[in-house]
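Chemist: structure_15.txt (compact mmCIF, C-alpha atoms) pasted underneath:
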# COMPACT_ATOMS: atom_id res chain seq x y z
CA LYS K 1 16.87 -2.75 6.73
CA GLN K 2 13.70 -1.06 7.90
CA GLU K 3 11.08 -3.32 9.43
CA VAL K 4 7.62 -2.20 10.40
CA THR K 5 5.53 -4.13 12.91
CA GLN K 6 1.90 -3.66 13.82
CA ILE K 7 0.33 -4.97 16.99
CA PRO K 8 -2.24 -6.34 17.47
CA ALA K 9 -2.87 -8.22 14.24
CA ALA K 10 -6.60 -8.16 14.93
CA LEU K 11 -8.83 -6.22 17.29
CA SER K 12 -12.55 -6.44 18.07
CA VAL K 13 -14.25 -3.69 20.08
CA PRO K 14 -17.83 -2.61 20.83
CA GLU K 15 -19.16 0.48 19.14
CA GLY K 16 -18.34 3.74 20.88
CA GLU K 17 -15.05 2.60 22.37
CA ASN K 18 -11.88 4.63 21.96
CA LEU K 19 -8.99 2.54 20.66
CA VAL K 20 -5.29 2.69 19.83
CA LEU K 21 -3.47 0.90 17.05
CA ASN K 22 0.29 0.51 17.33
CA CYS K 23 3.05 0.67 14.76
CA SER K 24 6.76 0.26 15.45
CA PHE K 25 9.73 0.67 13.13
CA THR K 26 13.34 -0.38 13.56
CA ASP K 27 15.15 2.50 11.85
CA SER K 28 14.38 5.91 13.33
CA ALA K 29 15.81 7.73 10.30
CA ILE K 30 12.44 8.12 8.67
CA TYR K 31 11.20 10.93 6.44
CA ASN K 32 7.56 10.40 7.23
CA LEU K 33 5.06 7.83 8.40
CA GLN K 34 1.65 7.22 6.88
CA TRP K 35 -1.48 5.47 8.05
CA PHE K 36 -3.78 3.83 5.52
CA ARG K 37 -7.16 2.15 5.66
CA GLN K 38 -7.94 -0.89 3.52
CA ASP K 39 -11.45 -2.29 3.17
CA PRO K 40 -11.75 -5.99 2.25
CA GLY K 41 -10.59 -6.63 -1.31
CA LYS K 42 -10.03 -2.93 -1.90
CA GLY K 43 -7.11 -0.59 -2.35
CA LEU K 44 -5.55 1.69 0.21
CA THR K 45 -6.96 5.00 1.36
CA SER K 46 -4.53 7.40 2.99
CA LEU K 47 -5.73 8.58 6.42
CA LEU K 48 -2.89 10.59 7.91
CA LEU K 49 0.69 11.41 6.99
CA ILE K 50 3.12 12.60 9.67
CA GLN K 51 6.37 14.24 8.69
CA SER K 52 9.43 13.35 10.77
CA SER K 53 9.47 16.85 12.26
CA GLN K 54 5.89 16.50 13.51
CA ARG K 55 4.60 14.84 16.65
CA GLU K 56 1.01 14.27 15.61
CA GLN K 57 -1.66 14.78 12.99
CA THR K 58 -5.42 14.88 13.43
CA SER K 59 -8.32 14.32 11.08
CA GLY K 60 -11.80 14.14 12.56
CA ARG K 61 -11.94 11.25 15.02
CA LEU K 62 -8.45 10.09 14.06
CA ASN K 63 -5.23 11.17 15.70
CA ALA K 64 -1.82 9.80 14.75
CA SER K 65 1.29 10.36 16.83
CA LEU K 66 4.94 9.83 16.02
CA ASP K 67 7.86 9.24 18.38
CA LYS K 68 10.96 8.78 16.24
CA SER K 69 13.32 8.19 19.15
CA SER K 70 11.36 5.17 20.34
CA GLY K 71 10.45 4.03 16.83
CA ARG K 72 6.72 4.15 17.45
CA SER K 73 3.55 5.57 15.99
CA THR K 74 0.01 5.20 17.24
CA LEU K 75 -3.34 5.72 15.57
CA TYR K 76 -6.05 6.76 18.01
CA ILE K 77 -9.67 6.33 16.93
CA ALA K 78 -12.22 8.08 19.09
CA ALA K 79 -15.81 6.91 19.52
CA SER K 80 -15.43 3.99 17.13
CA GLN K 81 -18.23 3.12 14.70
CA PRO K 82 -19.04 -0.06 12.75
CA GLY K 83 -18.00 1.82 9.60
CA ASP K 84 -14.48 2.00 10.99
CA SER K 85 -14.15 -1.77 10.52
CA ALA K 86 -11.25 -2.31 8.12
CA THR K 87 -7.56 -3.16 8.07
CA TYR K 88 -5.29 -0.33 9.11
CA LEU K 89 -1.78 -0.23 7.68
CA CYS K 90 1.14 1.93 8.64
CA ALA K 91 4.06 2.60 6.32
CA SER K 92 7.32 4.42 6.88
CA ARG K 93 9.51 6.14 4.37
CA LYS K 94 13.22 6.40 5.08
CA ASP K 95 14.88 9.77 4.65
CA SER K 96 17.06 8.41 1.88
CA SER K 97 14.42 6.61 -0.18
CA TYR K 98 11.04 7.10 -1.80
CA LYS K 99 10.05 3.54 -0.86
CA LEU K 100 7.18 2.87 1.52
CA ILE K 101 7.85 0.05 3.98
CA PHE K 102 4.56 -1.41 5.17
CA GLY K 103 3.52 -3.24 8.29
CA SER K 104 1.24 -6.28 8.07
CA GLY K 105 -1.73 -4.33 9.32
CA THR K 106 -4.26 -4.48 12.14
CA ARG K 107 -7.66 -5.87 11.25
CA LEU K 108 -10.28 -3.92 13.20
CA LEU K 109 -13.86 -5.00 13.82
CA VAL K 110 -16.22 -2.58 15.54
CA ARG K 111 -19.29 -4.47 16.77
CA PRO K 112 -22.66 -2.68 16.75
CA GLU U 113 -13.06 8.18 -14.22
CA THR U 114 -10.95 9.72 -11.52
CA GLY U 115 -7.97 8.58 -9.47
CA VAL U 116 -6.31 5.25 -10.13
CA THR U 117 -8.27 2.46 -11.78
CA GLN U 118 -7.33 -1.18 -12.25
CA THR U 119 -8.77 -3.89 -14.47
CA PRO U 120 -9.76 -6.59 -14.12
CA ARG U 121 -10.77 -6.51 -10.46
CA HIS U 122 -10.68 -10.30 -10.22
CA LEU U 123 -8.72 -12.80 -12.30
CA VAL U 124 -8.44 -16.57 -12.15
CA MET U 125 -5.79 -18.14 -14.33
CA GLY U 126 -4.08 -21.45 -14.80
CA MET U 127 -0.34 -21.86 -14.48
CA THR U 128 0.10 -22.08 -18.25
CA ASN U 129 -2.01 -19.03 -19.10
CA LYS U 130 -0.82 -15.60 -20.16
CA LYS U 131 -2.76 -12.62 -18.87
CA SER U 132 -2.23 -8.91 -18.25
CA LEU U 133 -3.23 -6.54 -15.48
CA LYS U 134 -3.95 -2.94 -16.39
CA CYS U 135 -3.63 0.23 -14.35
CA GLU U 136 -4.64 3.72 -15.43
CA GLN U 137 -4.22 6.96 -13.52
CA HIS U 138 -6.15 10.14 -14.21
CA LEU U 139 -4.14 12.37 -11.86
CA GLY U 140 -1.49 13.69 -14.22
CA HIS U 141 1.21 11.84 -12.32
CA ASN U 142 4.59 10.83 -13.72
CA ALA U 143 5.42 7.87 -11.47
CA MET U 144 3.63 4.54 -11.24
CA TYR U 145 4.14 1.51 -9.01
CA TRP U 146 3.18 -2.16 -8.78
CA TYR U 147 2.78 -3.74 -5.33
CA LYS U 148 1.97 -7.30 -4.30
CA GLN U 149 -0.10 -8.03 -1.19
CA SER U 150 -0.08 -11.68 -0.18
CA ALA U 151 -2.16 -13.09 2.63
CA LYS U 152 -0.74 -12.16 6.02
CA LYS U 153 2.35 -10.48 4.52
CA PRO U 154 3.16 -6.79 4.21
CA LEU U 155 2.78 -5.05 0.88
CA GLU U 156 5.84 -5.60 -1.27
CA LEU U 157 7.02 -3.12 -3.87
CA MET U 158 7.57 -4.86 -7.21
CA PHE U 159 8.29 -2.22 -9.85
CA VAL U 160 8.56 1.54 -10.14
CA TYR U 161 8.33 3.62 -13.30
CA SER U 162 9.18 7.27 -13.71
CA LEU U 163 8.22 8.91 -16.99
CA GLU U 164 7.83 5.48 -18.59
CA GLU U 165 11.31 4.41 -17.50
CA ARG U 166 11.71 1.59 -15.00
CA VAL U 167 13.65 2.80 -11.98
CA GLU U 168 13.10 -0.12 -9.65
CA ASN U 169 12.90 -3.87 -10.11
CA ASN U 170 12.68 -5.37 -6.68
CA SER U 171 14.05 -8.87 -7.40
CA VAL U 172 10.80 -9.90 -9.03
CA PRO U 173 10.74 -13.20 -10.99
CA SER U 174 10.77 -12.86 -14.75
CA ARG U 175 7.32 -14.42 -15.02
CA PHE U 176 6.11 -10.92 -14.09
CA SER U 177 6.81 -8.44 -16.88
CA PRO U 178 5.84 -4.78 -16.46
CA GLU U 179 5.17 -2.34 -19.26
CA CYS U 180 4.62 1.41 -19.10
CA PRO U 181 3.72 2.76 -22.56
CA ASN U 182 2.99 6.25 -21.25
CA SER U 183 2.79 8.01 -17.90
CA SER U 184 -0.93 7.25 -17.54
CA HIS U 185 -0.87 3.51 -18.15
CA LEU U 186 0.92 0.62 -16.50
CA PHE U 187 0.59 -3.06 -17.30
CA LEU U 188 1.76 -6.22 -15.58
CA HIS U 189 2.07 -9.13 -17.99
CA LEU U 190 1.81 -12.53 -16.36
CA HIS U 191 2.92 -15.91 -17.71
CA THR U 192 3.55 -19.36 -16.25
CA LEU U 193 2.64 -18.23 -12.77
CA GLN U 194 2.74 -20.37 -9.65
CA PRO U 195 -0.03 -20.84 -7.06
CA GLU U 196 2.03 -18.80 -4.57
CA ASP U 197 1.65 -15.82 -6.91
CA SER U 198 -2.00 -15.61 -5.90
CA ALA U 199 -2.38 -12.24 -4.23
CA LEU U 200 -3.88 -8.78 -4.47
CA TYR U 201 -1.89 -6.69 -6.94
CA LEU U 202 -2.08 -2.99 -6.27
CA CYS U 203 -1.10 -0.16 -8.56
CA ALA U 204 -0.20 3.29 -7.27
CA SER U 205 0.88 6.59 -8.74
CA SER U 206 2.56 9.75 -7.50
CA LEU U 207 3.35 13.10 -9.03
CA GLN U 208 7.04 12.23 -9.14
CA VAL U 209 9.30 9.58 -7.65
CA GLY U 210 10.71 11.11 -4.49
CA LEU U 211 10.45 11.57 -0.76
CA SER U 212 7.84 14.28 -0.80
CA TYR U 213 5.33 12.73 -3.16
CA GLU U 214 2.36 10.87 -1.77
CA GLN U 215 1.30 7.68 -3.49
CA TYR U 216 -2.31 7.13 -4.48
CA PHE U 217 -3.52 3.56 -4.74
CA GLY U 218 -5.95 1.79 -7.03
CA PRO U 219 -8.49 -0.79 -5.83
CA GLY U 220 -6.32 -3.75 -6.82
CA THR U 221 -6.71 -6.91 -8.88
CA ARG U 222 -7.37 -10.09 -6.92
CA LEU U 223 -5.40 -12.80 -8.74
CA THR U 224 -5.91 -16.52 -8.16
CA VAL U 225 -3.56 -18.97 -9.83
CA THR U 226 -4.92 -22.50 -10.06
Represent the structure of the file as structure tokens.
Modeler:
Amino acid sequence: KQEVTQIPAALSVPEGENLVLNCSFTDSAIYNLQWFRQDPGKGLTSLLLIQSSQREQTSGRLNASLDKSSGRSTLYIAASQPGDSATYLCASRKDSSYKLIFGSGTRLLVRP
Amino acid sequence: ETGVTQTPRHLVMGMTNKKSLKCEQHLGHNAMYWYKQSAKKPLELMFVYSLEERVENNSVPSRFSPECPNSSHLFLHLHTLQPEDSALYLCASSLQVGLSYEQYFGPGTRLTVT
């Protein structure tokens, strides 16, 4: 059974700092891995989706990497801003299922 | 309206009440999903519908009853809930059910059971 873990559960950084959020998964047979952002009380917004054949994806200040062999993905946020404050969720999809398996998320606070 | 919408956004109900959550997607998708997000727990998939047919029922108690009258609308009927059912209920849709199809999420309904 796939399990997805995100560390740390919460992170507080000063504005302008570069930061890394971690996601690990137990079953390396994944089809893709997706990073989402969730603002308080809101739904999920997809940030980046990495296919299993890819090593990384970039969108603006965000860069997500995927290492299937070690069961890890990271989300790198460059030059963080207070508007980046949110909960970041990663979710993996196994190569035999349409189901998304979510981690518990990392709650990020960027202090002005 | 665009994307995936959910109503109501907030709901407080007693354990003996009956209420319904509504989800509507304006994306022309054929698959719709209900998820539950409890405090400090990962999102849990509850139900999946493809072309109005239920294809997944993830061991959800019968006090939750889904309904999909057409591919654009999805309901979650609630009755005799428990306080531990308090959570954020998220609806999502995708073009089809399958590996390649990205899911798009609604804003959620925050449910409190008193």
Chemist: Could you please select, counting all atoms listed in the file, the residues of chain K within 12 Å of chain U and state them as a PyMOL selection string?
Modeler: chain K and resi 3-6+9-10+30-52+87-107
Chemist: One decimal, in Å: what's the spacing between CA of Arg175 (chain U) and CA of His191 (chain U)?
Modeler: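 According to the coordinates, CA of Arg175 (chain U) and CA of His191 (chain U) are separated by 5.4 Å.
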Chemist: List the spatial neighbours of Leu123 (chain U) as a PyMOL selection string - criterion: any atom at most 9 Å away, all atoms listed in the file, same-chain residues fewer than 4 positions off excluded.
Modeler: chain U and resi 131+133+221-225
Chemist: Go ahead and save the residues from that selection, with C-alpha atoms, as a CSV table (one decimal), in the coordinates of the input.
Modeler:
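Printed below is out.csv as written:
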chain,number,residue,atom,x,y,z
U,131,LYS,CA,-2.8,-12.6,-18.9
U,133,LEU,CA,-3.2,-6.5,-15.5
U,221,THR,CA,-6.7,-6.9,-8.9
U,222,ARG,CA,-7.4,-10.1,-6.9
U,223,LEU,CA,-5.4,-12.8,-8.7
U,224,THR,CA,-5.9,-16.5,-8.2
U,225,VAL,CA,-3.6,-19.0,-9.8
Chemist: In Å, with one decimal, what is the gap from CA of Thr26 (chain K) to CA of Gln2 (chain K)?
Modeler: 5.7 Å
Chemist: Restricting the calculation to only C-alpha atoms, which member of U:Tyr161, U:Leu207, U:Ala199, U:Thr192 is positioned closest to Met127 (chain U)?
Modeler: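 Closest to Met127 (chain U), using only C-alpha atoms: U:Thr192.
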Chemist: Quick one, how far is CA of Lys130 (chain U) from CA of Leu186 (chain U)?
Modeler: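 Separating CA of Lys130 (chain U) from CA of Leu186 (chain U) is a distance of 16.7 Å.
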Chemist: Please identify all polymer residues within 12 Å of Pro173 (chain U), counting all atoms listed in the file, omitting same-chain residues fewer than 5 positions from it, and present them as a list of chain:residue names.
Modeler: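 The contact residues come out as U:Met158, U:Phe159, U:Pro178, U:His189, U:Leu190, U:His191, U:Thr192, U:Leu193, U:Gln194, U:Asp197.
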Chemist: List as a PDB file with C-alpha atoms, in the frame of the given file the protein and nucleic acid residues near Ser183 (chain U), meaning an atom at most 7 Å away when all atoms listed in the file are counted, but skip any in the same chain fewer than 4 places from it.
Modeler:
ATOM      1  CA  HIS U 141       1.210  11.840 -12.320  1.00  0.00           C
ATOM      2  CA  ASN U 142       4.590  10.830 -13.720  1.00  0.00           C
ATOM      3  CA  ALA U 143       5.420   7.870 -11.470  1.00  0.00           C
ATOM      4  CA  LEU U 163       8.220   8.910 -16.990  1.00  0.00           C
ATOM      5  CA  GLU U 164       7.830   5.480 -18.590  1.00  0.00           C
TER       6      GLU U 164
END
Chemist: Within 9 Å of Arg55 (chain K), counting all atoms listed in the file, which residues qualify if same-chain residues fewer than 4 places away don't, as a list of chain:residue names?
Modeler: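 After dropping sequence-adjacent residues, the list is K:Ile50, K:Gln51, K:Ala64, K:Ser65, K:Leu66, K:Asp67, K:Lys68.
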Chemist: Might you pull out every residue within 6 Å of Glu15 (chain K), with all atoms listed in the file counted and same-chain residues fewer than 2 positions away left off, and present them as a list of chain:residue names?
Modeler: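 Contacts, with the query itself left out: K:Glu17, K:Ser80, K:Gln81, K:Val110, K:Arg111, K:Pro112.
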